[in-house]
Amino acid sequence: MYLHKKFDSFGLVETLGKYSKTERAGLIFIIPFVQRIRKVSLALQPLEISKYSIITKDNAEVSTSLTLNYQVTDSFKYFYNNTDSVESMVQLVRGHLRDIIGRMDLNDALGSTSQINAQLAEAIGDLTNVYGIRVIRVNVDELLPSKEIQRAMDKQLTADREKTATIAKAEGEARNIELTTKAKNDALVATAKAQAEAIKTQADAEKYRIEQLKAALANAPEDYFKNQSIAAFKDLANGENNLIVMDKDNLTQLGNIPAVKEIWKKQD
């Protein structure tokens, strides 16, 4: 008699070393020395697959590690159809992962972990018919290029950063020159506009002065202009010039010229 206590497992009964039946949890009667029972857990089992190398489509070497959770769905197939069903499952998972990553370039593989997980889960599918196992979850925990490739990638990344910094600096300098030139041009334009406005204001003021002078002269009495002419003649006569050109209408004022006065006095 044997008491099989665990409700999440099966008991495989062997008679004279050969499988005879499967028993669920509970009280099981067996014949001592003739029969024995092997327990197979049906609980969810975690498994970590250690690092191993894979070659990508562009011949780059990457190392990867996985974790998965599996569950036994057929205890007979799990125990009797394979010498080691778990190891067989691991080899199958590794093979599918090699196939998936082997069809991808390095950059695509490094940036597509979620896609790789989905493809791997689909490729594994239901392993019940082969190993009596079902993979519940599989995940690529790590996907790293070789040290040589990492060094090359670091150099490339550094070069790209330096290139980006150089371009940014050049663009900043060009932008600074552009803004400085624009500021100078704006200042020149503003100065020119101010000068033009000043000239226009001055011209408007001169125009206004002339218009006001014209208006004043237009309203001046007739004697004003004659008086102005006589005053002018007087100023000329008192000067050092000996030749005076006069309008005939102003000859009546000839006697007011000092030189003429002097001549007339001598004649008298």
# chains A, B, ... in the order shown; residues from 1 in each chain; ligands from 1

call {"tool": "residues_around", "arguments": {"residues": "region 120-135 of chain A", "least_positions_apart": "6", "cutoff": "12 Å", "atoms": "only C-alpha atoms", "output": "CSV table (one decimal) with C-alpha atoms, in the first residue's frame"}}
result
chain,number,residue,atom,x,y,z
A,40,VAL,CA,5.7,13.1,-11.9
A,41,SER,CA,4.9,16.7,-10.9
A,42,LEU,CA,2.3,18.6,-12.8
A,43,ALA,CA,3.2,21.9,-11.2
A,44,LEU,CA,4.6,24.8,-13.3
A,45,GLN,CA,8.4,24.5,-13.5
A,46,PRO,CA,10.8,27.4,-14.1
A,47,LEU,CA,13.9,26.7,-16.1
A,66,LEU,CA,16.7,32.3,-21.8
A,67,THR,CA,14.2,31.6,-19.1
A,68,LEU,CA,11.0,29.6,-19.5
A,69,ASN,CA,8.2,28.0,-17.6
A,70,TYR,CA,6.9,24.6,-18.6
A,71,GLN,CA,4.3,22.2,-17.3
A,72,VAL,CA,4.0,18.4,-17.8
A,73,THR,CA,0.7,17.5,-19.5
A,74,ASP,CA,1.3,13.8,-20.2
A,75,SER,CA,3.2,12.0,-17.5
A,76,PHE,CA,3.6,8.8,-19.5
A,77,LYS,CA,5.2,10.5,-22.5
A,78,TYR,CA,7.2,12.8,-20.3
A,79,PHE,CA,8.8,9.9,-18.4
A,80,TYR,CA,8.9,7.0,-20.9
A,81,ASN,CA,9.0,8.4,-24.4
A,82,ASN,CA,12.3,10.3,-23.8
A,83,THR,CA,15.4,9.6,-21.8
A,84,ASP,CA,15.4,13.3,-20.7
A,85,SER,CA,12.3,15.2,-21.8
A,86,VAL,CA,13.5,18.5,-20.3
A,87,GLU,CA,16.9,18.3,-22.0
A,88,SER,CA,15.2,17.5,-25.3
A,89,MET,CA,12.9,20.5,-24.8
A,90,VAL,CA,15.9,22.7,-24.1
A,91,GLN,CA,17.6,21.5,-27.3
A,92,LEU,CA,14.5,22.2,-29.3
A,93,VAL,CA,14.2,25.7,-27.9
A,94,ARG,CA,17.8,26.5,-28.6
A,95,GLY,CA,17.5,25.2,-32.2
A,96,HIS,CA,14.4,27.4,-32.9
A,97,LEU,CA,16.2,30.4,-31.4
A,98,ARG,CA,19.3,29.8,-33.6
A,99,ASP,CA,17.0,29.6,-36.6
A,100,ILE,CA,15.2,32.8,-35.8
A,101,ILE,CA,18.3,34.9,-35.0
A,113,THR,CA,13.9,41.1,-28.5
A,114,SER,CA,10.1,41.2,-28.1

call {"tool": "closest_atom_pairs", "arguments": {"of": "region 162-229 of chain A", "to": "region 143-157 of chain A", "cutoff": "12 Å", "atoms": "only C-alpha atoms", "output": "Markdown table"}}
result
| residue | atom | partner | partner_atom | distance |
| --- | --- | --- | --- | --- |
| A:Glu162 | CA | A:Leu157 | CA | 8.6 |
| A:Lys163 | CA | A:Leu157 | CA | 9.7 |
| A:Thr164 | CA | A:Leu157 | CA | 10.4 |

call {"tool": "write_last_selection", "arguments": {"atoms": "all heavy atoms", "output": "compact mmCIF listing (two decimals), in the first residue's frame"}}
result
# COMPACT_ATOMS: atom_id res chain seq x y z
N GLU A 162 30.78 62.16 -31.93
CA GLU A 162 31.68 63.26 -32.28
C GLU A 162 31.23 63.94 -33.56
O GLU A 162 31.29 65.18 -33.68
CB GLU A 162 33.11 62.72 -32.44
CG GLU A 162 33.73 62.26 -31.12
CD GLU A 162 35.11 61.66 -31.31
OE1 GLU A 162 35.50 61.45 -32.49
OE2 GLU A 162 35.80 61.40 -30.31
N LYS A 163 30.79 63.14 -34.52
CA LYS A 163 30.29 63.70 -35.77
C LYS A 163 29.06 64.57 -35.52
O LYS A 163 28.95 65.69 -36.06
CB LYS A 163 29.93 62.57 -36.75
CG LYS A 163 29.38 63.05 -38.09
CD LYS A 163 29.05 61.87 -38.98
CE LYS A 163 28.44 62.35 -40.29
NZ LYS A 163 28.08 61.18 -41.17
N THR A 164 28.16 64.06 -34.70
CA THR A 164 26.96 64.84 -34.37
C THR A 164 27.31 66.13 -33.66
O THR A 164 26.73 67.19 -33.94
CB THR A 164 26.02 63.99 -33.50
OG1 THR A 164 25.68 62.78 -34.19
CG2 THR A 164 24.74 64.75 -33.17

call {"tool": "select_by_dssp", "arguments": {"residues": "region 51-230 of chain A", "states": "strand (DSSP E)", "output": "PyMOL selection string"}}
result
chain A and resi 51-55+61-72+133-145

call {"tool": "atom_distance", "arguments": {"atom1": "CA of Ile116 (chain A)", "atom2": "CA of Asn139 (chain A)"}}
result
8.7 Å
